[in-house]
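Everything on this sheet refers to the single structure shown next.
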Amino acid sequence: MTDLPEVSLTTLFIDEPDLEFGHGQRLDHPKDGLFLYGPAGVSVAGTVVRVGVVGTAAGIEDLKSWLARLNAGISVPVAGEREKADRPHLSDFPGLREAFAITVDEKALVTYNLDLADIERTTTIANHHEAVAKTADLYVDAVVRHLRNEEAAVDVWLMVVPEIVHERCRSTGSGRKSQHLTPGEFARKTKRREILPLFDGLLDTSAEDIFDDVPDFHRQMKAKLLVHAQPCQIIRETTIAPEKHLDRMGRPKRGTQDQATVAWNLATALYYKSQSRPPWKVAGMREGVCYVGFVFKLIPNHRDHHACCAAQMFLSEGDGVVFRGANGPWYTEGKEFHLSKDAARGLIERVIETYRTKFGADPKELFIHGKTKFSPDEWDAFAEAAPSGTTITGVRIRPTSGDMKLFRDGDYPCIRGTAVVLGERDAFLWTSGYTPRLDTYMGPETPNPISVTILRSTGDIPSIAVVLSDILKLTKINYNSAAFADSLPVTVRFADKVGDVLVMGSAQDAERQPFKFYI
């Protein structure tokens, strides 16, 4: 019997990336950095954010009370009997001015009241597409009316929605099953446009535009406001006033995070969507490098199953830009998405031109992150689009579901930042796991790593350790919350959300836009 050679895999540990805040100060946690040093992007303390609010009278009053609490600060709840006395993963919210150097005057909001009866009426229209579209239009029409008639600018819109919107205006429509539905313009079971080739151009079919959108309130709000370049944040009434929405037992109808954590997350989104620069950026990002995530989504109800493609570009500053590519037959028989050579070249050329406009030079390195491999035509197009001084590297990043596990001694699983290197181009990276900084693991079971593969490069293949370090840094960019980190890099984390918005018929006229309009 021949003895097989024993293979030893290399294990790396990547230190937790630091973030940069006000005055160039560094820390690894957004909450601590903001509290101690303030945001990286503000220069005038006490900047007033102009907020517009659309909601019911009750919802607007609840939001005013909530904003007053944001200005004053909110403490974390007292530890329960089974909780540790020291909980580093929770932080008191010190107040908007103290953490973000901004304020919101809850008495000077631009408000548009919606009648709850109108929301009840639209959410119970028999056709689901029609119900969601008309409910979303109640909110969007208020914004459009303001843009048309008022000179006062609004930095960010807060859409306060009653729970019936969340229950009835999702793509599943499960919250409508127990409701008495009323007739509308379309039959209840209609889900797509009527195809009448003989009458093309002769009939007004604009009312059927609703079938070009997925019947989902959140996605429609983002898509419809995208073309008006208006950032918005959707807030459920049960989030800001859980004590007013109780079940038969006198308990809140839905569980929420503790109010201090909700405050951190809402304040982060409010700052990011209202200011010109993000509240923090990753410290020590390599100069001249940008990262691009590819997004593919099938267009709803398209007769030829065409897909939409877009690119998300992220820079060292942390902010991102979304580029809409061409729609086309990108979904292949192999159940993968691949662009044509011309479409791939055009998309990368737009990314590089935007980088050049911002920095006055071409990027030294451009990393393309995706979940699938690139076709030969795609890669040839990337190489042709790259300036002579720019190296393009393709990296595949995929979540795993238990095919690789790593265990360690002790009460907690492997440490976040651990990597097992399979070769020069392949590795598993644990972006979730035990975090010493928080002295806990924020997960229910043994964490799964992400799979990282360097596919190709127009220059020398970069070190796998450098690629893994960059990816871990990109898990620290999520301005929808003030969480310590995510389990996926931002180039992959929000791909579905961006794609979900861009495939909507309401967003068809939207071109390049900042990332903040999509999340």
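Ordered as shown in the structure tokens, chains take letters A, B, and onward, while each chain numbers its residues from 1 and ligands are numbered from 1 in the order shown.
Near Tyr434 (chain A), within a cut-off of 7 Å and counting only C-alpha atoms, sit the residues Tyr412, Pro413, Cys414, Ile415, Arg416, Thr440 and Tyr441 of chain A, with same-chain residues fewer than 5 positions away left out.
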Write out as an mmCIF file with all heavy atoms, in the first residue's frame the residues lying within 8 Å of region 462-476 of chain A, counting only C-alpha atoms and excluding same-chain residues fewer than 2 positions away.
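Written file, selection10.cif:
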data_model
loop_
_atom_site.group_PDB
_atom_site.id
_atom_site.type_symbol
_atom_site.label_atom_id
_atom_site.label_comp_id
_atom_site.auth_asym_id
_atom_site.auth_seq_id
_atom_site.Cartn_x
_atom_site.Cartn_y
_atom_site.Cartn_z
ATOM 1 N N ILE A 14 -6.464 37.440 9.720
ATOM 2 C CA ILE A 14 -6.434 38.823 9.251
ATOM 3 C C ILE A 14 -6.972 39.720 10.361
ATOM 4 O O ILE A 14 -8.091 39.514 10.846
ATOM 5 C CB ILE A 14 -7.292 38.986 7.975
ATOM 6 C CG1 ILE A 14 -6.777 38.032 6.883
ATOM 7 C CG2 ILE A 14 -7.270 40.433 7.489
ATOM 8 C CD1 ILE A 14 -7.681 37.943 5.683
ATOM 9 N N GLU A 16 -8.652 42.651 12.476
ATOM 10 C CA GLU A 16 -9.878 43.418 12.250
ATOM 11 C C GLU A 16 -9.524 44.784 11.659
ATOM 12 O O GLU A 16 -8.714 45.520 12.212
ATOM 13 C CB GLU A 16 -10.634 43.602 13.565
ATOM 14 C CG GLU A 16 -11.992 44.260 13.407
ATOM 15 C CD GLU A 16 -12.953 43.410 12.602
ATOM 16 O OE1 GLU A 16 -13.016 42.174 12.830
ATOM 17 O OE2 GLU A 16 -13.649 43.986 11.737
ATOM 18 N N PRO A 17 -10.130 45.143 10.515
ATOM 19 C CA PRO A 17 -9.803 46.424 9.887
ATOM 20 C C PRO A 17 -10.256 47.610 10.738
ATOM 21 O O PRO A 17 -11.292 47.554 11.407
ATOM 22 C CB PRO A 17 -10.585 46.379 8.562
ATOM 23 C CG PRO A 17 -10.893 44.936 8.335
ATOM 24 C CD PRO A 17 -11.046 44.330 9.692
ATOM 25 N N LEU A 19 -11.503 51.624 11.044
ATOM 26 C CA LEU A 19 -12.274 52.617 10.317
ATOM 27 C C LEU A 19 -11.743 53.998 10.659
ATOM 28 O O LEU A 19 -11.137 54.198 11.710
ATOM 29 C CB LEU A 19 -13.752 52.529 10.703
ATOM 30 C CG LEU A 19 -14.425 51.171 10.467
ATOM 31 C CD1 LEU A 19 -15.839 51.173 11.034
ATOM 32 C CD2 LEU A 19 -14.439 50.821 8.993
ATOM 33 N N VAL A 282 -13.111 53.121 5.481
ATOM 34 C CA VAL A 282 -12.139 52.125 5.900
ATOM 35 C C VAL A 282 -10.754 52.752 5.895
ATOM 36 O O VAL A 282 -10.331 53.371 4.914
ATOM 37 C CB VAL A 282 -12.168 50.896 4.974
ATOM 38 C CG1 VAL A 282 -11.112 49.882 5.401
ATOM 39 C CG2 VAL A 282 -13.547 50.251 4.992
ATOM 40 N N MET A 285 -7.032 51.714 3.230
ATOM 41 C CA MET A 285 -7.306 51.104 1.927
ATOM 42 C C MET A 285 -6.188 51.464 0.962
ATOM 43 O O MET A 285 -5.646 52.568 0.999
ATOM 44 C CB MET A 285 -8.645 51.597 1.384
ATOM 45 C CG MET A 285 -9.853 51.056 2.131
ATOM 46 S SD MET A 285 -10.103 49.280 1.911
ATOM 47 C CE MET A 285 -11.238 49.271 0.552
ATOM 48 N N GLY A 417 -12.162 36.686 10.700
ATOM 49 C CA GLY A 417 -10.879 37.031 10.102
ATOM 50 C C GLY A 417 -9.987 35.829 9.864
ATOM 51 O O GLY A 417 -8.907 35.953 9.264
ATOM 52 N N GLU A 424 -2.939 29.124 -4.316
ATOM 53 C CA GLU A 424 -2.574 30.506 -4.625
ATOM 54 C C GLU A 424 -3.783 31.366 -4.978
ATOM 55 O O GLU A 424 -3.746 32.588 -4.859
ATOM 56 C CB GLU A 424 -1.578 30.545 -5.783
ATOM 57 C CG GLU A 424 -0.205 29.953 -5.430
ATOM 58 C CD GLU A 424 0.758 30.064 -6.588
ATOM 59 O OE1 GLU A 424 0.306 30.454 -7.701
ATOM 60 O OE2 GLU A 424 1.952 29.786 -6.389
ATOM 61 N N ARG A 425 -4.890 30.712 -5.414
ATOM 62 C CA ARG A 425 -6.040 31.481 -5.874
ATOM 63 C C ARG A 425 -7.316 31.208 -5.089
ATOM 64 O O ARG A 425 -8.339 31.836 -5.348
ATOM 65 C CB ARG A 425 -6.313 31.183 -7.355
ATOM 66 C CG ARG A 425 -5.172 31.532 -8.291
ATOM 67 C CD ARG A 425 -5.620 31.411 -9.720
ATOM 68 N NE ARG A 425 -4.556 31.710 -10.671
ATOM 69 C CZ ARG A 425 -4.758 32.020 -11.952
ATOM 70 N NH1 ARG A 425 -5.994 32.081 -12.426
ATOM 71 N NH2 ARG A 425 -3.748 32.256 -12.752
ATOM 72 N N ASP A 426 -7.297 30.271 -4.164
ATOM 73 C CA ASP A 426 -8.525 29.855 -3.499
ATOM 74 C C ASP A 426 -8.367 29.873 -1.980
ATOM 75 O O ASP A 426 -7.311 29.497 -1.457
ATOM 76 C CB ASP A 426 -8.929 28.443 -3.934
ATOM 77 C CG ASP A 426 -9.206 28.358 -5.421
ATOM 78 O OD1 ASP A 426 -10.343 28.673 -5.826
ATOM 79 O OD2 ASP A 426 -8.283 27.981 -6.178
ATOM 80 N N ALA A 427 -9.452 30.272 -1.314
ATOM 81 C CA ALA A 427 -9.425 30.280 0.155
ATOM 82 C C ALA A 427 -10.852 30.335 0.691
ATOM 83 O O ALA A 427 -11.794 30.726 -0.008
ATOM 84 C CB ALA A 427 -8.615 31.463 0.678
ATOM 85 N N LEU A 429 -12.824 32.198 3.844
ATOM 86 C CA LEU A 429 -12.640 33.312 4.773
ATOM 87 C C LEU A 429 -13.840 33.403 5.704
ATOM 88 O O LEU A 429 -14.994 33.488 5.243
ATOM 89 C CB LEU A 429 -12.473 34.628 4.005
ATOM 90 C CG LEU A 429 -12.416 35.911 4.842
ATOM 91 C CD1 LEU A 429 -11.197 35.918 5.753
ATOM 92 C CD2 LEU A 429 -12.422 37.146 3.939
ATOM 93 N N THR A 431 -15.874 35.587 7.644
ATOM 94 C CA THR A 431 -16.223 36.983 7.885
ATOM 95 C C THR A 431 -17.200 37.122 9.048
ATOM 96 O O THR A 431 -17.507 38.232 9.480
ATOM 97 C CB THR A 431 -16.841 37.598 6.622
ATOM 98 O OG1 THR A 431 -17.908 36.740 6.166
ATOM 99 C CG2 THR A 431 -15.793 37.733 5.529
ATOM 100 N N VAL A 452 -13.674 32.245 -1.657
ATOM 101 C CA VAL A 452 -13.027 33.295 -2.456
ATOM 102 C C VAL A 452 -12.099 32.655 -3.479
ATOM 103 O O VAL A 452 -11.243 31.841 -3.119
ATOM 104 C CB VAL A 452 -12.231 34.265 -1.561
ATOM 105 C CG1 VAL A 452 -11.548 35.341 -2.408
ATOM 106 C CG2 VAL A 452 -13.137 34.904 -0.519
ATOM 107 N N ILE A 454 -9.687 33.752 -6.913
ATOM 108 C CA ILE A 454 -9.156 34.710 -7.894
ATOM 109 C C ILE A 454 -9.252 34.036 -9.254
ATOM 110 O O ILE A 454 -8.560 33.037 -9.519
ATOM 111 C CB ILE A 454 -7.701 35.092 -7.577
ATOM 112 C CG1 ILE A 454 -7.591 35.662 -6.164
ATOM 113 C CG2 ILE A 454 -7.185 36.099 -8.604
ATOM 114 C CD1 ILE A 454 -6.151 35.893 -5.711
ATOM 115 N N ASP A 460 -0.151 40.586 -13.053
ATOM 116 C CA ASP A 460 0.268 39.534 -12.128
ATOM 117 C C ASP A 460 -0.882 39.199 -11.173
ATOM 118 O O ASP A 460 -1.609 40.082 -10.720
ATOM 119 C CB ASP A 460 1.492 39.986 -11.318
ATOM 120 C CG ASP A 460 2.726 40.184 -12.183
ATOM 121 O OD1 ASP A 460 2.791 39.550 -13.254
ATOM 122 O OD2 ASP A 460 3.606 40.987 -11.796
ATOM 123 N N ASN A 478 -21.449 49.261 5.610
ATOM 124 C CA ASN A 478 -22.896 49.106 5.517
ATOM 125 C C ASN A 478 -23.507 50.298 6.243
ATOM 126 O O ASN A 478 -23.599 50.313 7.465
ATOM 127 C CB ASN A 478 -23.371 47.795 6.149
ATOM 128 C CG ASN A 478 -24.889 47.667 6.111
ATOM 129 O OD1 ASN A 478 -25.588 48.540 5.611
ATOM 130 N ND2 ASN A 478 -25.394 46.574 6.652
ATOM 131 N N PHE A 484 -21.141 46.316 13.726
ATOM 132 C CA PHE A 484 -19.689 46.187 13.743
ATOM 133 C C PHE A 484 -19.160 45.759 12.378
ATOM 134 O O PHE A 484 -18.156 46.275 11.896
ATOM 135 C CB PHE A 484 -19.284 45.162 14.806
ATOM 136 C CG PHE A 484 -17.801 45.006 14.973
ATOM 137 C CD1 PHE A 484 -17.062 45.956 15.663
ATOM 138 C CD2 PHE A 484 -17.142 43.901 14.457
ATOM 139 C CE1 PHE A 484 -15.688 45.812 15.814
ATOM 140 C CE2 PHE A 484 -15.776 43.744 14.610
ATOM 141 C CZ PHE A 484 -15.043 44.702 15.299
ATOM 142 N N ALA A 485 -19.836 44.800 11.741
ATOM 143 C CA ALA A 485 -19.404 44.314 10.435
ATOM 144 C C ALA A 485 -20.509 43.457 9.846
ATOM 145 O O ALA A 485 -21.456 43.065 10.531
ATOM 146 C CB ALA A 485 -18.109 43.509 10.546
ATOM 147 N N ASP A 486 -20.391 43.147 8.561
ATOM 148 C CA ASP A 486 -21.303 42.244 7.867
ATOM 149 C C ASP A 486 -20.606 40.932 7.565
ATOM 150 O O ASP A 486 -19.371 40.823 7.680
ATOM 151 C CB ASP A 486 -21.783 42.864 6.554
ATOM 152 C CG ASP A 486 -23.010 43.732 6.736
ATOM 153 O OD1 ASP A 486 -23.751 43.507 7.709
ATOM 154 O OD2 ASP A 486 -23.228 44.627 5.904
ATOM 155 N N SER A 487 -21.380 39.960 7.104
ATOM 156 C CA SER A 487 -20.791 38.674 6.731
ATOM 157 C C SER A 487 -20.377 38.638 5.267
ATOM 158 O O SER A 487 -19.690 37.707 4.840
ATOM 159 C CB SER A 487 -21.786 37.537 7.010
ATOM 160 O OG SER A 487 -22.982 37.733 6.276
ATOM 161 N N LEU A 488 -20.781 39.642 4.483
ATOM 162 C CA LEU A 488 -20.404 39.721 3.070
ATOM 163 C C LEU A 488 -19.845 41.107 2.765
ATOM 164 O O LEU A 488 -20.266 42.101 3.369
ATOM 165 C CB LEU A 488 -21.613 39.459 2.168
ATOM 166 C CG LEU A 488 -22.154 38.030 2.110
ATOM 167 C CD1 LEU A 488 -23.472 38.001 1.344
ATOM 168 C CD2 LEU A 488 -21.149 37.086 1.469
ATOM 169 N N PRO A 489 -18.928 41.213 1.822
ATOM 170 C CA PRO A 489 -18.429 42.539 1.426
ATOM 171 C C PRO A 489 -19.543 43.331 0.764
ATOM 172 O O PRO A 489 -20.492 42.763 0.201
ATOM 173 C CB PRO A 489 -17.293 42.211 0.444
ATOM 174 C CG PRO A 489 -17.653 40.872 -0.111
ATOM 175 C CD PRO A 489 -18.305 40.134 1.026
ATOM 176 N N VAL A 490 -19.442 44.645 0.801
ATOM 177 C CA VAL A 490 -20.500 45.494 0.279
ATOM 178 C C VAL A 490 -20.716 45.261 -1.208
ATOM 179 O O VAL A 490 -21.835 45.431 -1.722
ATOM 180 C CB VAL A 490 -20.176 46.975 0.560
ATOM 181 C CG1 VAL A 490 -18.948 47.438 -0.215
ATOM 182 C CG2 VAL A 490 -21.380 47.855 0.291
ATOM 183 N N THR A 491 -19.691 44.838 -1.943
ATOM 184 C CA THR A 491 -19.826 44.580 -3.374
ATOM 185 C C THR A 491 -20.778 43.438 -3.666
ATOM 186 O O THR A 491 -21.336 43.341 -4.758
ATOM 187 C CB THR A 491 -18.452 44.240 -3.975
ATOM 188 O OG1 THR A 491 -17.777 43.313 -3.107
ATOM 189 C CG2 THR A 491 -17.602 45.485 -4.137
#
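Residues within 7 Å of region 219-224 of chain A, counting only C-alpha atoms and excluding same-chain residues fewer than 3 positions away, are Ala136, Asp216, Val227, Asp500, Val501, Leu502, Met504, Ser506, Ala507, Phe517 and Tyr518 of chain A.
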>> If DSSP is run on the backbone, what residues of region 23-170 of chain A are alpha helix (DSSP H)? A reply as number ranges by chain would be ideal.
In response: A: 30-37, 57-72, 96-100, 116-123, 128-149, 163-168
Counting only C-alpha atoms, which residues of region 93-198 of chain A sit at most 6 Å from some atom of region 70-75 of chain A, and what is each one's closest atom pair with its distance in Å to one decimal, listed by chain and rising residue number, as a Markdown table?
| residue | atom | partner | partner_atom | distance |
| --- | --- | --- | --- | --- |
| A:Phe93 | CA | A:Ile74 | CA | 5.0 |
| A:Pro94 | CA | A:Gly73 | CA | 4.5 |
| A:Gly95 | CA | A:Gly73 | CA | 4.0 |
| A:Leu96 | CA | A:Asn71 | CA | 5.0 |
> Out of region 351-504 of chain A, which residues get strand (DSSP E or B) from DSSP, as a PyMOL selection string?
Replying inline: chain A and resi 365-370+391-399+415+418-421+426-429+434-435+440+450-457
How would the residues just chosen look if you wrote them out with N, CA, C and O atoms as a short mmCIF file (atom, residue, chain, number, x, y, z; two decimals), in the first residue's frame?
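Saved result, selection-v6.cif, follows:
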data_model
loop_
_atom_site.label_atom_id
_atom_site.label_comp_id
_atom_site.auth_asym_id
_atom_site.auth_seq_id
_atom_site.Cartn_x
_atom_site.Cartn_y
_atom_site.Cartn_z
N GLU A 365 -5.59 49.57 -9.86
CA GLU A 365 -6.15 48.22 -9.83
C GLU A 365 -7.67 48.32 -9.76
O GLU A 365 -8.22 49.17 -9.07
N LEU A 366 -8.34 47.45 -10.49
CA LEU A 366 -9.79 47.37 -10.46
C LEU A 366 -10.18 45.92 -10.22
O LEU A 366 -9.86 45.04 -11.03
N PHE A 367 -10.82 45.67 -9.09
CA PHE A 367 -11.26 44.31 -8.75
C PHE A 367 -12.74 44.17 -9.06
O PHE A 367 -13.56 44.99 -8.62
N ILE A 368 -13.08 43.15 -9.82
CA ILE A 368 -14.48 42.86 -10.14
C ILE A 368 -14.92 41.67 -9.31
O ILE A 368 -14.37 40.57 -9.43
N HIS A 369 -15.91 41.90 -8.44
CA HIS A 369 -16.44 40.84 -7.59
C HIS A 369 -17.75 40.33 -8.16
O HIS A 369 -18.63 41.11 -8.54
N GLY A 370 -17.90 39.02 -8.22
CA GLY A 370 -19.14 38.42 -8.69
C GLY A 370 -19.32 37.05 -8.07
O GLY A 370 -18.43 36.53 -7.40
N THR A 391 -4.71 47.42 -13.87
CA THR A 391 -4.82 45.97 -13.82
C THR A 391 -6.21 45.58 -13.36
O THR A 391 -6.69 46.08 -12.33
N ILE A 392 -6.87 44.71 -14.10
CA ILE A 392 -8.20 44.24 -13.73
C ILE A 392 -8.10 42.80 -13.24
O ILE A 392 -7.47 41.95 -13.88
N THR A 393 -8.69 42.54 -12.09
CA THR A 393 -8.67 41.20 -11.50
C THR A 393 -10.10 40.77 -11.19
O THR A 393 -10.86 41.53 -10.59
N GLY A 394 -10.46 39.58 -11.64
CA GLY A 394 -11.79 39.04 -11.38
C GLY A 394 -11.76 38.11 -10.18
O GLY A 394 -10.91 37.22 -10.10
N VAL A 395 -12.68 38.31 -9.24
CA VAL A 395 -12.74 37.51 -8.01
C VAL A 395 -14.16 36.99 -7.84
O VAL A 395 -15.13 37.75 -7.91
N ARG A 396 -14.27 35.68 -7.62
CA ARG A 396 -15.58 35.09 -7.34
C ARG A 396 -15.74 34.95 -5.83
O ARG A 396 -14.87 34.39 -5.15
N ILE A 397 -16.86 35.46 -5.31
CA ILE A 397 -17.15 35.42 -3.88
C ILE A 397 -18.52 34.78 -3.70
O ILE A 397 -19.52 35.28 -4.22
N ARG A 398 -18.55 33.68 -2.98
CA ARG A 398 -19.82 32.97 -2.78
C ARG A 398 -20.00 32.57 -1.32
O ARG A 398 -19.05 32.08 -0.70
N PRO A 399 -21.20 32.73 -0.78
CA PRO A 399 -21.47 32.18 0.55
C PRO A 399 -21.43 30.66 0.49
O PRO A 399 -21.62 30.06 -0.58
N ILE A 415 -12.53 32.58 15.14
CA ILE A 415 -12.51 34.03 15.19
C ILE A 415 -12.75 34.63 13.80
O ILE A 415 -12.23 34.13 12.79
N THR A 418 -10.43 34.65 10.31
CA THR A 418 -9.67 33.42 10.06
C THR A 418 -9.84 33.00 8.61
O THR A 418 -10.94 33.09 8.04
N ALA A 419 -8.77 32.53 7.99
CA ALA A 419 -8.83 32.07 6.60
C ALA A 419 -8.08 30.76 6.45
O ALA A 419 -7.01 30.58 7.06
N VAL A 420 -8.61 29.86 5.67
CA VAL A 420 -7.93 28.62 5.29
C VAL A 420 -7.60 28.73 3.80
O VAL A 420 -8.50 28.84 2.96
N VAL A 421 -6.32 28.73 3.47
CA VAL A 421 -5.86 28.91 2.10
C VAL A 421 -5.74 27.56 1.42
O VAL A 421 -5.03 26.66 1.89
N ASP A 426 -7.30 30.27 -4.16
CA ASP A 426 -8.53 29.85 -3.50
C ASP A 426 -8.37 29.87 -1.98
O ASP A 426 -7.31 29.50 -1.46
N ALA A 427 -9.45 30.27 -1.31
CA ALA A 427 -9.43 30.28 0.15
C ALA A 427 -10.85 30.33 0.69
O ALA A 427 -11.79 30.73 -0.01
N PHE A 428 -10.98 29.92 1.93
CA PHE A 428 -12.20 30.15 2.71
C PHE A 428 -11.90 31.24 3.73
O PHE A 428 -10.87 31.20 4.40
N LEU A 429 -12.82 32.20 3.84
CA LEU A 429 -12.64 33.31 4.77
C LEU A 429 -13.84 33.40 5.70
O LEU A 429 -14.99 33.49 5.24
N TYR A 434 -16.53 34.46 16.16
CA TYR A 434 -16.29 35.13 17.44
C TYR A 434 -15.49 36.41 17.21
O TYR A 434 -14.50 36.43 16.49
N THR A 435 -15.98 37.49 17.80
CA THR A 435 -15.33 38.79 17.65
C THR A 435 -14.81 39.23 19.01
O THR A 435 -15.60 39.61 19.89
N THR A 440 -18.23 38.22 21.85
CA THR A 440 -19.36 37.34 21.58
C THR A 440 -19.35 36.96 20.11
O THR A 440 -18.58 37.50 19.31
N ILE A 450 -17.07 32.33 3.66
CA ILE A 450 -17.33 32.62 2.25
C ILE A 450 -16.19 32.00 1.44
O ILE A 450 -15.06 31.86 1.92
N SER A 451 -16.51 31.59 0.23
CA SER A 451 -15.52 31.01 -0.67
C SER A 451 -14.98 32.11 -1.58
O SER A 451 -15.76 32.84 -2.21
N VAL A 452 -13.67 32.25 -1.66
CA VAL A 452 -13.03 33.30 -2.46
C VAL A 452 -12.10 32.65 -3.48
O VAL A 452 -11.24 31.84 -3.12
N THR A 453 -12.28 33.00 -4.75
CA THR A 453 -11.43 32.48 -5.82
C THR A 453 -10.99 33.62 -6.73
O THR A 453 -11.83 34.38 -7.23
N ILE A 454 -9.69 33.75 -6.91
CA ILE A 454 -9.16 34.71 -7.89
C ILE A 454 -9.25 34.04 -9.25
O ILE A 454 -8.56 33.04 -9.52
N LEU A 455 -10.10 34.55 -10.13
CA LEU A 455 -10.35 33.89 -11.41
C LEU A 455 -9.28 34.22 -12.45
O LEU A 455 -8.63 33.34 -12.98
N ARG A 456 -9.12 35.50 -12.73
CA ARG A 456 -8.17 35.91 -13.77
C ARG A 456 -7.68 37.31 -13.45
O ARG A 456 -8.27 38.03 -12.65
N SER A 457 -6.61 37.70 -14.12
CA SER A 457 -6.08 39.05 -13.97
C SER A 457 -5.37 39.46 -15.24
O SER A 457 -4.77 38.62 -15.92
#
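Nearest residue to Ile210 (chain A), choosing from A:Ala269, A:Leu34, A:Lys134, A:Glu243 and counting only C-alpha atoms: A:Lys134.
The shortest atom-to-atom distance to Thr122 (chain A), with only C-alpha atoms taken into account, belongs to A:Thr182 out of A:Arg87, A:Thr182, A:Glu163, A:Ser276.
Distance check against Asp258 (chain A) using only C-alpha atoms: of A:Asp403, A:Lys364, A:Tyr291, A:Ile240, the minimum falls on A:Ile240.
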>> When you look at Gly334 (chain A) with a cut-off of 12 Å (counting only C-alpha atoms), what residues show up, excluding the ones that are within fewer than 2 positions of it in the same chain? I need them as an MDAnalysis selection string.
In response: chainID A and resid 330:332 336:338 372:373 375
Next, dump the selected residues to file, keeping only N, CA and C atoms, as a PDB file, in the first residue's frame.
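Writing done, so here's result_2.pdb:
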ATOM      1  N   TRP A 330     -29.044  38.114 -21.179  1.00  0.00           N
ATOM      2  CA  TRP A 330     -27.811  37.753 -20.456  1.00  0.00           C
ATOM      3  C   TRP A 330     -27.924  36.430 -19.698  1.00  0.00           C
ATOM      4  N   TYR A 331     -29.167  35.903 -19.552  1.00  0.00           N
ATOM      5  CA  TYR A 331     -29.346  34.649 -18.819  1.00  0.00           C
ATOM      6  C   TYR A 331     -29.141  33.491 -19.776  1.00  0.00           C
ATOM      7  N   THR A 332     -28.117  32.696 -19.549  1.00  0.00           N
ATOM      8  CA  THR A 332     -27.710  31.656 -20.495  1.00  0.00           C
ATOM      9  C   THR A 332     -28.379  30.319 -20.183  1.00  0.00           C
ATOM     10  N   GLU A 336     -26.574  30.811 -15.885  1.00  0.00           N
ATOM     11  CA  GLU A 336     -25.674  31.845 -15.402  1.00  0.00           C
ATOM     12  C   GLU A 336     -25.916  33.109 -16.215  1.00  0.00           C
ATOM     13  N   PHE A 337     -25.445  34.237 -15.699  1.00  0.00           N
ATOM     14  CA  PHE A 337     -25.588  35.514 -16.390  1.00  0.00           C
ATOM     15  C   PHE A 337     -24.245  35.901 -16.998  1.00  0.00           C
ATOM     16  N   HIS A 338     -24.263  36.252 -18.292  1.00  0.00           N
ATOM     17  CA  HIS A 338     -23.042  36.707 -18.963  1.00  0.00           C
ATOM     18  C   HIS A 338     -23.396  37.801 -19.961  1.00  0.00           C
ATOM     19  N   THR A 372     -20.297  34.366 -10.030  1.00  0.00           N
ATOM     20  CA  THR A 372     -20.062  33.361 -11.061  1.00  0.00           C
ATOM     21  C   THR A 372     -18.770  33.681 -11.813  1.00  0.00           C
ATOM     22  N   LYS A 373     -18.349  32.748 -12.658  1.00  0.00           N
ATOM     23  CA  LYS A 373     -17.176  32.980 -13.492  1.00  0.00           C
ATOM     24  C   LYS A 373     -17.529  33.916 -14.642  1.00  0.00           C
ATOM     25  N   SER A 375     -17.271  34.866 -18.715  1.00  0.00           N
ATOM     26  CA  SER A 375     -17.105  34.201 -20.007  1.00  0.00           C
ATOM     27  C   SER A 375     -15.881  34.770 -20.726  1.00  0.00           C
TER      28      SER A 375
END
Give one line per residue of region 281-386 of chain A that approaches region 37-59 of chain A to at most 12 Å, naming the two atoms of the closest pair and their distance in Å to one decimal, counting only C-alpha atoms; sort by chain then ascending residue number and deliver it as a tab-separated table.
residue	atom	partner	partner_atom	distance
A:Lys281	CA	A:Ala40	CA	7.2
A:Val282	CA	A:Ala40	CA	10.4
A:Ala283	CA	A:Ala40	CA	10.9
A:Glu317	CA	A:Ala40	CA	9.5
A:Gly318	CA	A:Ala40	CA	10.7
A:Asp319	CA	A:Gly41	CA	11.1
> Nearest to Val322 (chain A): which of A:Lys273, A:His302, A:Arg97, A:Lys516 is it, counting only C-alpha atoms?
Replying inline: A:Lys516
> If you count only C-alpha atoms, which residues fall within 8 Å of His306 (chain A), apart from same-chain ones fewer than 6 positions away, as a ChimeraX atom specification?
Replying inline: /A:298-299,327-331
For the selection just defined, write its residues with N, CA, C and O atoms to a file, as a compact mmCIF listing (two decimals), in the first residue's frame.
# COMPACT_ATOMS: atom_id res chain seq x y z
N LEU A 298 -33.27 39.14 -13.54
CA LEU A 298 -34.25 38.98 -14.61
C LEU A 298 -35.30 40.07 -14.51
O LEU A 298 -35.76 40.41 -13.43
N ILE A 299 -35.69 40.62 -15.66
CA ILE A 299 -36.72 41.66 -15.71
C ILE A 299 -38.08 41.00 -15.54
O ILE A 299 -38.40 40.04 -16.24
N ASN A 327 -29.90 46.29 -20.87
CA ASN A 327 -30.75 45.12 -20.71
C ASN A 327 -30.56 44.20 -21.91
O ASN A 327 -30.33 44.67 -23.03
N GLY A 328 -30.67 42.91 -21.68
CA GLY A 328 -30.49 42.00 -22.80
C GLY A 328 -30.62 40.54 -22.41
O GLY A 328 -30.92 40.21 -21.26
N PRO A 329 -30.35 39.65 -23.35
CA PRO A 329 -30.48 38.20 -23.10
C PRO A 329 -29.25 37.65 -22.39
O PRO A 329 -28.52 36.81 -22.92
N TRP A 330 -29.04 38.11 -21.18
CA TRP A 330 -27.81 37.75 -20.46
C TRP A 330 -27.92 36.43 -19.70
O TRP A 330 -26.93 35.91 -19.23
N TYR A 331 -29.17 35.90 -19.55
CA TYR A 331 -29.35 34.65 -18.82
C TYR A 331 -29.14 33.49 -19.78
O TYR A 331 -29.88 33.31 -20.74
> Quick one: residues within 9 Å of Lys405 (chain A), only C-alpha atoms counted, chain neighbours fewer than 2 positions away excluded, as a PyMOL selection string?
Replying inline: chain A and resi 402-403+407+446-449
